[in-house]
Amino acid sequence: MCELLGYSADDTRDIARWLTPFRLRGGQTGDNPDGWGVAAWGESGVDIVKSPEPGFSSADFARLAATLHTKLLIAHVRKARHPPVPGMLNTHPFNHTCCNRSWVFAHNGLVPEVIEWRSADAPWKPLGETDSEHAFCHLLTAIADSYGDPADPAWLGRLAEFAEGTAALGKFNFLLSDGTVLIAYGHDRLHYLDASDGPGHRVVIATEALTSEAWKPFAPGELRVYRDGVLLARRIAGEADAQLTEP
């Protein structure tokens, strides 16, 4: 049912250690053969490369996994469920502009009921047919008038409420970024790895552990916000307030 990979660090680094095994999850070591996509941020902003083909056999993905250096990344391999066919417009990650920022989103799970929420006057409309992109557009609508400081408890509460409400419809694990922070929501299937070394900070987030390192599972309904590899805030479903951390 698709898999996610997220990465946040305080400087630009090679990430082949995790991106290479993740690529193989796209049809070889995982049943996700219906597309792959990578969004990576650099000095000029975000660059999104994707294709509706198996990631494990893609020469482009293999080359990217071996050579990419970045400090912020969202990647996805797809198991087509809604709709159940591959297609470029249905391949994650998705990208829309909100609050004067370019947002990127990728989802693991199944929440087809969100498609029924569509409105003719909605400010964001999906380009493809997936329930995932519909959920992304609804998410932007939910946070548009409250986004500012990504660690602001009020904004985090708004985001968490949307995530929890959507997760109640099915399965809703996602990664979201505006190019500054990496936001991860683990409804029922997400792990994180503190990969910091020496003075540097970096964190890796994935649906399933990709290496033999000490990965830890998200708590059910846990929302985490990272900037430059450092945890800024976290909130768990059912808790009244977000827990803020010192940078």
# chains A, B, ... in the order shown; residues from 1 in each chain; ligands from 1
$ select_by_dssp --residues "segment 49-213 of chain A" --states "helix (DSSP H, G or I)" --output "ChimeraX atom specification"
/A:59-67,88-90,112-117,131-143,153-167
$ write_last_selection --atoms "N, CA and C atoms" --output "short mmCIF file (atom, residue, chain, number, x, y, z; two decimals), in the first residue's frame"
data_model
loop_
_atom_site.label_atom_id
_atom_site.label_comp_id
_atom_site.auth_asym_id
_atom_site.auth_seq_id
_atom_site.Cartn_x
_atom_site.Cartn_y
_atom_site.Cartn_z
N ALA A 59 16.29 2.92 -14.39
CA ALA A 59 17.67 3.40 -14.48
C ALA A 59 17.79 4.82 -13.92
N ASP A 60 16.76 5.63 -14.15
CA ASP A 60 16.78 7.00 -13.64
C ASP A 60 16.79 7.02 -12.11
N PHE A 61 15.98 6.17 -11.51
CA PHE A 61 15.93 6.13 -10.05
C PHE A 61 17.24 5.59 -9.49
N ALA A 62 17.81 4.59 -10.15
CA ALA A 62 19.09 4.02 -9.70
C ALA A 62 20.18 5.08 -9.73
N ARG A 63 20.22 5.86 -10.79
CA ARG A 63 21.23 6.92 -10.91
C ARG A 63 21.01 7.99 -9.85
N LEU A 64 19.76 8.35 -9.64
CA LEU A 64 19.44 9.37 -8.64
C LEU A 64 19.82 8.89 -7.24
N ALA A 65 19.48 7.66 -6.93
CA ALA A 65 19.78 7.12 -5.60
C ALA A 65 21.28 7.09 -5.33
N ALA A 66 22.06 6.87 -6.36
CA ALA A 66 23.51 6.75 -6.19
C ALA A 66 24.22 8.10 -6.12
N THR A 67 23.61 9.15 -6.66
CA THR A 67 24.33 10.42 -6.80
C THR A 67 23.72 11.59 -6.04
N MET A 88 1.23 9.13 -14.65
CA MET A 88 2.10 10.20 -14.19
C MET A 88 1.40 11.15 -13.22
N LEU A 89 0.16 11.55 -13.53
CA LEU A 89 -0.54 12.50 -12.67
C LEU A 89 -0.92 11.88 -11.33
N ASN A 90 -0.90 10.56 -11.25
CA ASN A 90 -1.25 9.88 -10.00
C ASN A 90 -0.01 9.42 -9.23
N PRO A 112 -10.39 6.82 0.40
CA PRO A 112 -11.17 7.23 -0.77
C PRO A 112 -12.34 8.15 -0.47
N GLU A 113 -12.83 8.15 0.76
CA GLU A 113 -13.97 9.00 1.09
C GLU A 113 -13.65 10.49 0.98
N VAL A 114 -12.36 10.85 1.03
CA VAL A 114 -12.03 12.28 0.96
C VAL A 114 -12.41 12.86 -0.40
N ILE A 115 -12.51 12.02 -1.42
CA ILE A 115 -12.88 12.51 -2.74
C ILE A 115 -14.28 13.12 -2.72
N GLU A 116 -15.13 12.61 -1.85
CA GLU A 116 -16.50 13.13 -1.74
C GLU A 116 -16.54 14.52 -1.11
N TRP A 117 -15.42 14.97 -0.52
CA TRP A 117 -15.39 16.30 0.11
C TRP A 117 -15.18 17.41 -0.90
N ASP A 131 -6.95 9.49 -4.18
CA ASP A 131 -7.45 9.96 -2.90
C ASP A 131 -6.37 10.74 -2.17
N SER A 132 -5.11 10.37 -2.40
CA SER A 132 -3.99 11.05 -1.74
C SER A 132 -3.92 12.52 -2.10
N GLU A 133 -4.02 12.84 -3.38
CA GLU A 133 -3.92 14.26 -3.77
C GLU A 133 -5.16 15.03 -3.34
N HIS A 134 -6.32 14.38 -3.35
CA HIS A 134 -7.51 15.03 -2.80
C HIS A 134 -7.30 15.38 -1.33
N ALA A 135 -6.73 14.44 -0.57
CA ALA A 135 -6.46 14.69 0.84
C ALA A 135 -5.47 15.84 1.01
N PHE A 136 -4.46 15.90 0.16
CA PHE A 136 -3.48 16.99 0.18
C PHE A 136 -4.16 18.34 -0.02
N CYS A 137 -5.03 18.43 -1.00
CA CYS A 137 -5.73 19.69 -1.26
C CYS A 137 -6.61 20.09 -0.08
N HIS A 138 -7.29 19.13 0.52
CA HIS A 138 -8.11 19.44 1.69
C HIS A 138 -7.24 19.86 2.87
N LEU A 139 -6.06 19.24 3.00
CA LEU A 139 -5.14 19.60 4.07
C LEU A 139 -4.72 21.06 3.94
N LEU A 140 -4.37 21.47 2.73
CA LEU A 140 -3.96 22.86 2.51
C LEU A 140 -5.09 23.82 2.86
N THR A 141 -6.31 23.46 2.51
CA THR A 141 -7.46 24.29 2.86
C THR A 141 -7.58 24.42 4.38
N ALA A 142 -7.31 23.34 5.09
CA ALA A 142 -7.45 23.32 6.54
C ALA A 142 -6.42 24.19 7.25
N ILE A 143 -5.21 24.30 6.66
CA ILE A 143 -4.14 25.02 7.36
C ILE A 143 -3.85 26.40 6.79
N PRO A 153 1.86 25.95 18.38
CA PRO A 153 0.93 24.92 18.86
C PRO A 153 -0.46 25.01 18.22
N ALA A 154 -0.94 26.22 17.95
CA ALA A 154 -2.27 26.36 17.36
C ALA A 154 -2.30 25.78 15.96
N TRP A 155 -1.27 26.08 15.17
CA TRP A 155 -1.21 25.56 13.80
C TRP A 155 -1.02 24.04 13.82
N LEU A 156 -0.15 23.57 14.69
CA LEU A 156 0.06 22.13 14.79
C LEU A 156 -1.22 21.41 15.21
N GLY A 157 -1.98 22.05 16.09
CA GLY A 157 -3.24 21.46 16.51
C GLY A 157 -4.21 21.36 15.36
N ARG A 158 -4.24 22.39 14.52
CA ARG A 158 -5.12 22.38 13.34
C ARG A 158 -4.72 21.25 12.39
N LEU A 159 -3.42 21.13 12.16
CA LEU A 159 -2.92 20.09 11.28
C LEU A 159 -3.20 18.70 11.85
N ALA A 160 -2.98 18.54 13.15
CA ALA A 160 -3.21 17.24 13.79
C ALA A 160 -4.68 16.86 13.75
N GLU A 161 -5.56 17.82 13.96
CA GLU A 161 -7.00 17.53 13.90
C GLU A 161 -7.40 17.05 12.52
N PHE A 162 -6.86 17.70 11.48
CA PHE A 162 -7.17 17.27 10.12
C PHE A 162 -6.64 15.85 9.89
N ALA A 163 -5.39 15.61 10.31
CA ALA A 163 -4.79 14.29 10.10
C ALA A 163 -5.58 13.20 10.81
N GLU A 164 -5.96 13.47 12.05
CA GLU A 164 -6.70 12.47 12.82
C GLU A 164 -8.08 12.21 12.22
N GLY A 165 -8.74 13.27 11.77
CA GLY A 165 -10.06 13.11 11.16
C GLY A 165 -10.00 12.33 9.87
N THR A 166 -8.95 12.58 9.07
CA THR A 166 -8.79 11.86 7.82
C THR A 166 -8.40 10.41 8.07
N ALA A 167 -7.53 10.19 9.04
CA ALA A 167 -7.11 8.82 9.36
C ALA A 167 -8.28 7.96 9.80
#
$ closest_atom_pairs --of "segment 106-158 of chain A" --to "segment 79-86 of chain A" --cutoff "10 Å" --atoms "only C-alpha atoms" --output "CSV"
residue,atom,partner,partner_atom,distance
A:Asn108,CA,A:Lys79,CA,9.2
A:Gly109,CA,A:Arg81,CA,9.1
A:Leu110,CA,A:Arg81,CA,7.6
A:Val111,CA,A:His82,CA,8.9
A:Pro112,CA,A:His82,CA,7.1
A:Gly128,CA,A:Pro83,CA,9.6
A:Glu129,CA,A:Pro83,CA,6.6
A:Thr130,CA,A:His82,CA,5.5
A:Asp131,CA,A:His82,CA,6.3
A:Ser132,CA,A:His82,CA,8.5
$ atom_distance --atom1 "atom CA of Ser146 of chain A" --atom2 "atom CA of Cys98 of chain A"
11.3 Å
$ closest_atom_pairs --of "segment 209-241 of chain A" --to "segment 3-6 of chain A" --cutoff "12 Å" --atoms "only C-alpha atoms" --output "Markdown table"
| residue | atom | partner | partner_atom | distance |
| --- | --- | --- | --- | --- |
| A:Ala209 | CA | A:Leu5 | CA | 10.0 |
| A:Leu210 | CA | A:Leu5 | CA | 9.5 |
| A:Arg224 | CA | A:Gly6 | CA | 11.7 |
| A:Val225 | CA | A:Gly6 | CA | 11.6 |
| A:Tyr226 | CA | A:Gly6 | CA | 10.4 |
| A:Gly229 | CA | A:Gly6 | CA | 10.8 |
$ select_by_dssp --residues "segment 48-103 of chain A" --states "strand (DSSP E)" --output "list in words"
Ile48, Val49, Lys50, Ser51, His69, Thr70, Lys71, Leu72, Leu73, Ile74, Ala75, His76, Val77, Phe94, Asn95, His96, Thr97, Cys98, Arg101, Ser102 and Trp103 of chain A
$ closest_atom_pairs --of "segment 128-237 of chain A" --to "segment 23-42 of chain A" --cutoff "10 Å" --atoms "only C-alpha atoms" --output "CSV"
residue,atom,partner,partner_atom,distance
A:Ser177,CA,A:Ala39,CA,9.8
A:Asp178,CA,A:Trp41,CA,9.8
A:Gly179,CA,A:Trp41,CA,6.6
A:Thr180,CA,A:Trp41,CA,9.2
A:Glu208,CA,A:Arg25,CA,9.6
A:Leu210,CA,A:Arg25,CA,9.1
$ atom_distance --atom1 "atom CA of Asn95 of chain A" --atom2 "atom CA of Glu53 of chain A"
19.4 Å
$ closest_residue --among "A:Ala214, A:Leu68, A:Leu19, A:Ile74" --to "Gly55 of chain A" --atoms "only C-alpha atoms"
A:Leu19
$ residues_around --residues "Arg202 of chain A" --least-positions-apart "5" --cutoff "12 Å" --atoms "only C-alpha atoms" --output "list in words"
Gly6, Tyr7, Ser8, Ala9, Asp10, Asp11, Thr12, Arg13, Asp14, Ile15, Thr70, Lys71, Leu72, Leu73, Leu182, Tyr192, Leu193, Asp194, Ala195, Ser196, Asp197, Tyr226, Arg227, Asp228, Gly229, Val230 and Leu231 of chain A
$ atom_distance --atom1 "atom CA of Ala233 of chain A" --atom2 "atom CA of Ala75 of chain A"
22.0 Å
$ residues_around --residues "Cys99 of chain A" --least-positions-apart "4" --cutoff "9 Å" --atoms "only C-alpha atoms" --output "mmCIF file with N, CA and C atoms, in the first residue's frame"
data_model
loop_
_atom_site.group_PDB
_atom_site.id
_atom_site.type_symbol
_atom_site.label_atom_id
_atom_site.label_comp_id
_atom_site.auth_asym_id
_atom_site.auth_seq_id
_atom_site.Cartn_x
_atom_site.Cartn_y
_atom_site.Cartn_z
ATOM 1 N N LEU A 140 -4.368 21.472 2.725
ATOM 2 C CA LEU A 140 -3.964 22.864 2.514
ATOM 3 C C LEU A 140 -5.093 23.822 2.860
ATOM 4 N N ALA A 144 -4.455 26.739 5.654
ATOM 5 C CA ALA A 144 -4.059 27.947 4.923
ATOM 6 C C ALA A 144 -4.155 29.219 5.747
ATOM 7 N N ASP A 145 -5.180 29.351 6.566
ATOM 8 C CA ASP A 145 -5.370 30.608 7.282
ATOM 9 C C ASP A 145 -4.689 30.631 8.649
ATOM 10 N N TYR A 147 -1.238 29.099 9.012
ATOM 11 C CA TYR A 147 0.181 28.751 8.920
ATOM 12 C C TYR A 147 1.059 29.961 9.158
ATOM 13 N N GLY A 148 2.096 29.750 9.949
ATOM 14 C CA GLY A 148 3.087 30.785 10.204
ATOM 15 C C GLY A 148 4.337 30.106 10.698
#
$ closest_residue --among "A:Pro54, A:Met1, A:Pro93, A:Arg17" --to "Val204 of chain A" --atoms "only C-alpha atoms"
A:Arg17
$ residues_around --residues "Leu223 of chain A" --least-positions-apart "5" --cutoff "6 Å" --atoms "only C-alpha atoms" --output "list in words"
Ala184, Tyr185, Arg234 and Arg235 of chain A
$ write_last_selection --atoms "N, CA and C atoms" --output "mmCIF file, in the first residue's frame"
data_model
loop_
_atom_site.group_PDB
_atom_site.id
_atom_site.type_symbol
_atom_site.label_atom_id
_atom_site.label_comp_id
_atom_site.auth_asym_id
_atom_site.auth_seq_id
_atom_site.Cartn_x
_atom_site.Cartn_y
_atom_site.Cartn_z
ATOM 1 N N ALA A 184 5.875 14.840 9.462
ATOM 2 C CA ALA A 184 5.547 13.425 9.281
ATOM 3 C C ALA A 184 4.410 13.044 10.214
ATOM 4 N N TYR A 185 3.423 12.362 9.655
ATOM 5 C CA TYR A 185 2.301 11.879 10.460
ATOM 6 C C TYR A 185 2.217 10.369 10.314
ATOM 7 N N ARG A 234 6.247 17.661 18.524
ATOM 8 C CA ARG A 234 5.554 16.402 18.268
ATOM 9 C C ARG A 234 4.224 16.435 19.004
ATOM 10 N N ARG A 235 3.279 15.712 18.441
ATOM 11 C CA ARG A 235 1.966 15.603 19.070
ATOM 12 C C ARG A 235 1.427 14.216 18.780
#
$ closest_residue --among "A:Phe94, A:Ser102, A:Ala151, A:Gly170" --to "Lys125 of chain A" --atoms "only C-alpha atoms"
A:Phe94
$ closest_residue --among "A:Ala16, A:Ala206, A:Leu232, A:Ala168" --to "His187 of chain A" --atoms "only C-alpha atoms"
A:Ala168
$ decode --residues "segment 164-190 of chain A" --atoms "N, CA and C atoms" --output "JSON list (two decimals), in the first residue's frame"
[["chain", "number", "residue", "atom", "x", "y", "z"],
["A", 164, "GLU", "N", -5.96, 13.47, 12.05],
["A", 164, "GLU", "CA", -6.70, 12.47, 12.82],
["A", 164, "GLU", "C", -8.08, 12.21, 12.22],
["A", 165, "GLY", "N", -8.74, 13.27, 11.77],
["A", 165, "GLY", "CA", -10.06, 13.11, 11.16],
["A", 165, "GLY", "C", -10.00, 12.33, 9.87],
["A", 166, "THR", "N", -8.95, 12.58, 9.07],
["A", 166, "THR", "CA", -8.79, 11.86, 7.82],
["A", 166, "THR", "C", -8.40, 10.41, 8.07],
["A", 167, "ALA", "N", -7.53, 10.19, 9.04],
["A", 167, "ALA", "CA", -7.11, 8.82, 9.36],
["A", 167, "ALA", "C", -8.28, 7.96, 9.80],
["A", 168, "ALA", "N", -9.30, 8.59, 10.38],
["A", 168, "ALA", "CA", -10.48, 7.84, 10.83],
["A", 168, "ALA", "C", -11.24, 7.23, 9.66],
["A", 169, "LEU", "N", -10.97, 7.70, 8.44],
["A", 169, "LEU", "CA", -11.64, 7.18, 7.25],
["A", 169, "LEU", "C", -10.96, 5.94, 6.69],
["A", 170, "GLY", "N", -9.75, 5.64, 7.16],
["A", 170, "GLY", "CA", -9.02, 4.50, 6.61],
["A", 170, "GLY", "C", -7.62, 4.44, 7.16],
["A", 171, "LYS", "N", -6.64, 4.66, 6.28],
["A", 171, "LYS", "CA", -5.23, 4.70, 6.67],
["A", 171, "LYS", "C", -4.61, 5.96, 6.09],
["A", 172, "PHE", "N", -3.87, 6.70, 6.93],
["A", 172, "PHE", "CA", -3.40, 8.02, 6.50],
["A", 172, "PHE", "C", -2.05, 8.34, 7.14],
["A", 173, "ASN", "N", -0.98, 7.85, 6.53],
["A", 173, "ASN", "CA", 0.38, 8.20, 6.91],
["A", 173, "ASN", "C", 0.91, 9.14, 5.84],
["A", 174, "PHE", "N", 1.56, 10.23, 6.23],
["A", 174, "PHE", "CA", 2.01, 11.16, 5.19],
["A", 174, "PHE", "C", 3.27, 11.91, 5.58],
["A", 175, "LEU", "N", 3.93, 12.44, 4.54],
["A", 175, "LEU", "CA", 5.05, 13.37, 4.67],
["A", 175, "LEU", "C", 4.67, 14.65, 3.95],
["A", 176, "LEU", "N", 5.06, 15.78, 4.53],
["A", 176, "LEU", "CA", 4.70, 17.09, 4.01],
["A", 176, "LEU", "C", 5.86, 18.04, 4.25],
["A", 177, "SER", "N", 6.16, 18.90, 3.27],
["A", 177, "SER", "CA", 7.22, 19.88, 3.46],
["A", 177, "SER", "C", 6.97, 21.13, 2.64],
["A", 178, "ASP", "N", 7.41, 22.27, 3.20],
["A", 178, "ASP", "CA", 7.38, 23.54, 2.49],
["A", 178, "ASP", "C", 8.79, 23.98, 2.10],
["A", 179, "GLY", "N", 9.75, 23.07, 2.19],
["A", 179, "GLY", "CA", 11.13, 23.39, 1.88],
["A", 179, "GLY", "C", 11.94, 23.83, 3.08],
["A", 180, "THR", "N", 11.28, 24.03, 4.21],
["A", 180, "THR", "CA", 11.96, 24.42, 5.45],
["A", 180, "THR", "C", 11.85, 23.32, 6.49],
["A", 181, "VAL", "N", 10.65, 22.83, 6.69],
["A", 181, "VAL", "CA", 10.43, 21.77, 7.68],
["A", 181, "VAL", "C", 9.98, 20.49, 6.99],
["A", 182, "LEU", "N", 10.20, 19.38, 7.68],
["A", 182, "LEU", "CA", 9.67, 18.08, 7.26],
["A", 182, "LEU", "C", 8.65, 17.66, 8.30],
["A", 183, "ILE", "N", 7.42, 17.48, 7.86],
["A", 183, "ILE", "CA", 6.32, 17.10, 8.74],
["A", 183, "ILE", "C", 5.95, 15.65, 8.43],
["A", 184, "ALA", "N", 5.88, 14.84, 9.46],
["A", 184, "ALA", "CA", 5.55, 13.42, 9.28],
["A", 184, "ALA", "C", 4.41, 13.04, 10.21],
["A", 185, "TYR", "N", 3.42, 12.36, 9.65],
["A", 185, "TYR", "CA", 2.30, 11.88, 10.46],
["A", 185, "TYR", "C", 2.22, 10.37, 10.31],
["A", 186, "GLY", "N", 2.32, 9.68, 11.44],
["A", 186, "GLY", "CA", 2.25, 8.23, 11.44],
["A", 186, "GLY", "C", 0.94, 7.74, 12.03],
["A", 187, "HIS", "N", 0.00, 7.45, 11.18],
["A", 187, "HIS", "CA", -1.28, 6.92, 11.66],
["A", 187, "HIS", "C", -1.09, 5.51, 12.22],
["A", 188, "ASP", "N", -0.48, 4.64, 11.41],
["A", 188, "ASP", "CA", -0.34, 3.26, 11.86],
["A", 188, "ASP", "C", 0.90, 2.56, 11.32],
["A", 189, "ARG", "N", 1.74, 3.27, 10.54],
["A", 189, "ARG", "CA", 2.85, 2.56, 9.90],
["A", 189, "ARG", "C", 3.94, 3.54, 9.47],
["A", 190, "LEU", "N", 4.80, 3.92, 10.40],
["A", 190, "LEU", "CA", 5.89, 4.84, 10.08],
["A", 190, "LEU", "C", 6.98, 4.66, 11.13]]
